[in-house]
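Chemist: I'd like to ask you about the structure that follows.
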Amino acid sequence: MKFKPQTKQKIAFILLGIAASIVIIPVILILAILIQRGLPAISWQFLTEMPRMGMRAGGIFPAIVGTLCLVFCAISVALPLGVLTAVYLVEYAKRNWWTRMIEIAIVNLAGVPSVVYGLFGLGLFVIFFQFGSSILAGALTLAIMELPVIITSSKEALMSVPRSFREASLALGVSRWQTIRHVVLPNALPGILTGAILGISRTAGETAPILFTVAAFYLPRLPKSIFDQCMALPYHLYVLSTQVPNVKPALQYGTALVLVGMVFLLNLVAIIVRARIRSKKQW
Amino acid sequence: MRRFKEFIIEKIILLSGFACILFVILIFFFLAKDGLALFKFSSPWNFLFGTLWSPLSEPPQIGILPLFLGSLIVTIGAAVISVPLGMACAIFIAEIAPKWMREILKAGVELLAAIPSIVIGFIGMTMLSPIVKHIFHLPTGLTALTGSIALAFMAIPTMVSIMEDSISSVPRIYKEGSLALGATHWQTIYRVIIPAASSGIVAAIMLGIGRVIGETMAVMMLTGNASVMPHTILAPVRTMTATIAAEMGETVRGSEHYFALFAIGLVLFGITFLINFLADMARHRKNK
Amino acid sequence: MVDKIVVADLSIDYGGVHALRHVNLAIKDKEILGVIGPANSGKTSFLRALNRLNDLDLSCRMTGSIKLNGKDINRDMDAEEVRKKVTMVFALPIPLPMSIFDNVAYGPRRHGLNDKKKLKEIVEKSLRAAFLWDEVKDRLDSSGMKLSGGQQQRLCIARTLAVEPEVILYDEPCSGLDPISTAKVEEAMRELKIRYTQILVTNNVKQAARVGDRVAFFLMGELVEIDETRKLFTTPRDKRTNDYLTGRFG
């Protein structure tokens, strides 16, 4: 059968449109299902109480706290390290094979499977450094894992600061570091923060890296220090949905909804920050 | 004093630059240290090509071929679903959709990327697997296919965003040149734009596949975890990642089983390293 | 008059492409030297060599010497010291994204001055010298980016004055400005002659004639001729200078 080019185009575009909706519809479905089945479970008690009866009742408070601790500790390591690395790559590095090596290393850090990070964290932090299964070990593992995200977004933010600002400052006899500190970083800050928030949102949902480094199966109390184990939302959802028989579905969906809600909220903040930078940009 | 402070700061920056290389080396070292210890017990040949994974039997059977094939079959399945869908979606977003729809679609793809893998696994277990079970009249809905479908949707955001970037960065002049010669928009897309963006598209596919191979939690929850040689995509399989995640908790430190899990980690690390390296090469070729 | 800057046998190339070849010249203290020439004649490379901004370009190679007050700027001084004494005003006005006050105070602050009263004095003095004070004295806290193009360029001049340099380099400072703003910038330059040595690179031959004490003509990386403004414009020694001035090329 021979079609006219215009007819072919019409058919092709319709097919492409269908494909795009196949990608998007599941997102909407997942959200709708989570909200429909999870929302009834969510109450003040659910969010602020300890789990009871082998996690078949009660709340998810320690899992929320645990995830917040992990995420916070991880970002406070990854952010400074990531920003400094980005500063090095954008402001100092020469175009040579060393720099290329660093770039390849970053690309590969981004590609290492999350469960392999878990093994690495187990080998280095839990056993070699003898941190044991602890928030410290888990957070450091997560930190290295989110490093590529932070570096990549910080690099973009630094590169978006016009070259002319740097020259204007340097031309006044201001040193390179002072220029970075007082001109480049302040103007790149919103972009860097956006990247940091996205990094946080990604680590908040990770399960595999914390499996052997920190996550506690069932620990109905709060961690006291960074050397304690803790529960975490994603692992708690895993436990509820596969390891504990006869859990009320509402409890599972509620946990999933809280996790997704947390992650989406962070993403929303990042999107808003990004939109505000664009509208406020003066150059 | 000021000079000295700046000198120190610049040295710290330099060190941070090298931290990433250090981490890659450390990861490799710690995987290799315990992973290679396996070969005190068993030969690399048996490890790579043994068809039985039964580390708790006596003596332990450590052959990762079924796990490797499990990963392979799930990955191929996910690639078959995600590559056409992802490409279509990227082309639609970059070239066809009107501006308002483009923003909505991009936001949707970003949301899909943000859903944690554990949630995808959970929804897959409760929603997708009964459907698979019903359609194919299977005894269980937890099969390689179920995993493939879920993984495809986790790979799509990676693919779409990189593909869309590379399609959008094709110089306008190519497109205008083709349209000016009387070609339709669609002819321009598949004759001019896609070939021009091909290296970015290849990189996107590879990175998407890299993500699929490394994915753990969703796969563990959806593929049924049967460590047997897979014969069909409609049977339960077990992947390398899921094996590590599921079994590490029960092993004794320093046992053959423990070392075997690290050895699997080493294999995974090698595979993803290779894929990401090649993908990066493909992307950089475009820039030259 | 004393020579402020002495350039000897200066050659520059960027990744193998020659930008400047064997340039010799001396710049006198407190003069305005106009530098003219067509695009790619090497005049901007020359200017950027004088305060070592070429250091930022890794592909740049330089031979020869530049002496400021008898000291070799590449061997006897570090880059920051050079740039503090020899500052630059760029082609497009580049106010930093901060308030007018902070823009002017930026240099002194980075060089370690934190005394509020002193900073205020410097800011006022610099803005007055750049003929901007009366226009902005009531809104020192508003963003420097909200000023008009001509005001922005004078703000940049004030910013360089605040670090108390000895030499000011201008890289086509009026290329983006309307005639009235240009006139104001030129007026500022003439007033500044009392205290500073100034070098003005410009595409606008007439501008060089208006403000320059002497003018240098560059062509394809070569210094063709340098002479007092009137002499160069009326009786150029080199045929190429004449051709350029009469509009045969460029």
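Chains: A, B, ... in order of the structure tokens. Residues: from 1 per chain. Ligands: from 1, in order shown.
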When you look at region 125-130 of chain A with a cut-off of 9 Å (counting only C-alpha atoms), what residues show up, excluding the ones that are within fewer than 2 positions of it in the same chain? I need them as a PyMOL selection string.
Modeler: chain A and resi 120-123+132-134+136-138+140-141+212-214
Chemist: Find the residues of chain A in contact range of chain C, meaning any atom within 12 Å when counting only C-alpha atoms, and list them as a ChimeraX atom specification.
Modeler: /A:91-96,161-184,186-188,280-283
Chemist: When you draw a straight line from CA of Gly270 (chain B) to CA of Leu89 (chain A), how long is it in Å?
Modeler: 25.8 Å
Chemist: For Phe218 (chain C), list every protein, DNA or RNA residue within 9 Å, evaluated using only C-alpha atoms, and leave out those in the same chain fewer than 3 positions away; present the list as a count of residues only.
Modeler: 14
Chemist: Please run DSSP on the backbone and report, as an NGL selection string, all residues within region 63-132 of chain C that come out as alpha helix (DSSP H).
Modeler: :C and (79-85 or 100-110 or 116-129)
Chemist: Mind writing the picked residues with C-alpha atoms as a compact mmCIF listing (two decimals), in the first residue's frame?
Modeler:
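And here's part-v2.txt as it stands now:
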# COMPACT_ATOMS: atom_id res chain seq x y z
CA ALA C 79 49.00 38.54 38.42
CA GLU C 80 46.85 40.05 41.16
CA GLU C 81 49.38 42.76 41.88
CA VAL C 82 49.54 43.62 38.18
CA ARG C 83 45.79 43.72 37.76
CA LYS C 84 45.35 45.88 40.81
CA LYS C 85 47.65 48.49 39.29
CA ILE C 100 25.70 50.14 42.97
CA PHE C 101 27.48 50.65 46.27
CA ASP C 102 28.66 47.05 46.43
CA ASN C 103 29.87 47.19 42.85
CA VAL C 104 32.17 50.09 43.58
CA ALA C 105 33.18 48.76 46.98
CA TYR C 106 33.84 45.30 45.52
CA GLY C 107 37.53 45.82 44.74
CA PRO C 108 38.56 47.55 48.00
CA ARG C 109 36.62 44.98 50.04
CA ARG C 110 38.33 42.05 48.33
CA LYS C 116 32.46 51.22 56.56
CA LYS C 117 33.31 54.91 56.70
CA LYS C 118 36.35 54.53 54.50
CA LEU C 119 34.41 52.45 52.01
CA LYS C 120 31.76 55.14 51.81
CA GLU C 121 34.39 57.75 51.10
CA ILE C 122 35.99 55.67 48.39
CA VAL C 123 32.66 54.90 46.75
CA GLU C 124 31.68 58.56 46.66
CA LYS C 125 35.07 59.69 45.40
CA SER C 126 35.13 57.04 42.67
CA LEU C 127 31.57 57.72 41.53
CA ARG C 128 32.29 61.46 41.39
CA ALA C 129 35.43 60.88 39.37
Chemist: How would you write, as a VMD selection string, the set of residues in region 15-167 of chain C that DSSP gives as strand (DSSP E or B)?
Modeler: chain C and resid 17 to 28 32 to 36 60 to 68 71 to 72 86 to 89 99 143 167
Chemist: For region 24-30 of chain C, work out the shell of residues within 6 Å, counting only C-alpha atoms and skipping chain neighbours fewer than 2 positions away, then give it as a PyMOL selection string.
Modeler: chain C and resi 2-9+193+196-197
Chemist: Report the distance between CA of Asn276 (chain B) and CA of Met206 (chain B) in Å, rounded to one decimal place.
Modeler: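 These two atoms are separated by 7.3 Å.
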Chemist: Tell me which protein, DNA and RNA residues are within 8 Å of region 15-27 of chain A, counting only C-alpha atoms, leaving out same-chain ones fewer than 5 positions away, and put them as a PyMOL selection string.
Modeler: chain B and resi 85-86+88-89+91-92+105+108-109+111-112+153+156
Chemist: Ile104 (chain A): which residues within 12 Å, counting only C-alpha atoms, same-chain residues fewer than 6 positions away excluded, as a ChimeraX atom specification?
Modeler: /A:97-98,110-111,148 /B:18,20-21,24,273-281,283-284
Chemist: May I ask which of the residues B:Ala226, B:Arg3, B:Gly210, B:Ile167 is the closest one to chain C, counting only C-alpha atoms?
Modeler: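 Smallest distance to chain C is found for B:Arg3.
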Chemist: Can you tell me which residues surround Lys206 (chain C) at a distance of at most 10 Å, considering only C-alpha atoms, apart from same-chain residues fewer than 5 positions away, and format the answer as number ranges by chain?
Modeler: C: 36, 211-212, 233, 245
Chemist: Between CA of Phe68 (chain B) and CA of Gly118 (chain A), measure the distance and give it in Å to one decimal.
Modeler: 19.4 Å
Chemist: Measuring between only C-alpha atoms, which one of A:Met262, A:Glu206, A:Asn246, A:Ala74 shows the shortest distance to Ile120 (chain B)?
Modeler: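 Closest candidate: A:Glu206.
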Chemist: Would you mind telling me which residue in B:Pro98, B:Gly17, B:Pro195, B:Gly254 lies nearest to chain A when using only C-alpha atoms?
Modeler: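 Closest residue, counting only C-alpha atoms: B:Gly17.
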Chemist: My list of candidates is A:Leu142, A:Met50, A:Ile151, A:Leu211. Which is closest to Gly249 (chain B) when distances are computed with only C-alpha atoms?
Modeler: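 Smallest separation from Gly249 (chain B) among the options: A:Leu211.
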Chemist: For chain C, which residue among B:Arg2, B:Ser117, B:Met220, B:Leu69 is the nearest when counting only C-alpha atoms?
Modeler: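 The closest residue to chain C is B:Arg2.
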Chemist: Which one of B:Gly63, B:Val219, B:Ala180, B:Phe23 sits closest to Ser42 (chain B) if you count only C-alpha atoms?
Modeler: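 Among the listed residues, the smallest separation from Ser42 (chain B) belongs to B:Gly63.
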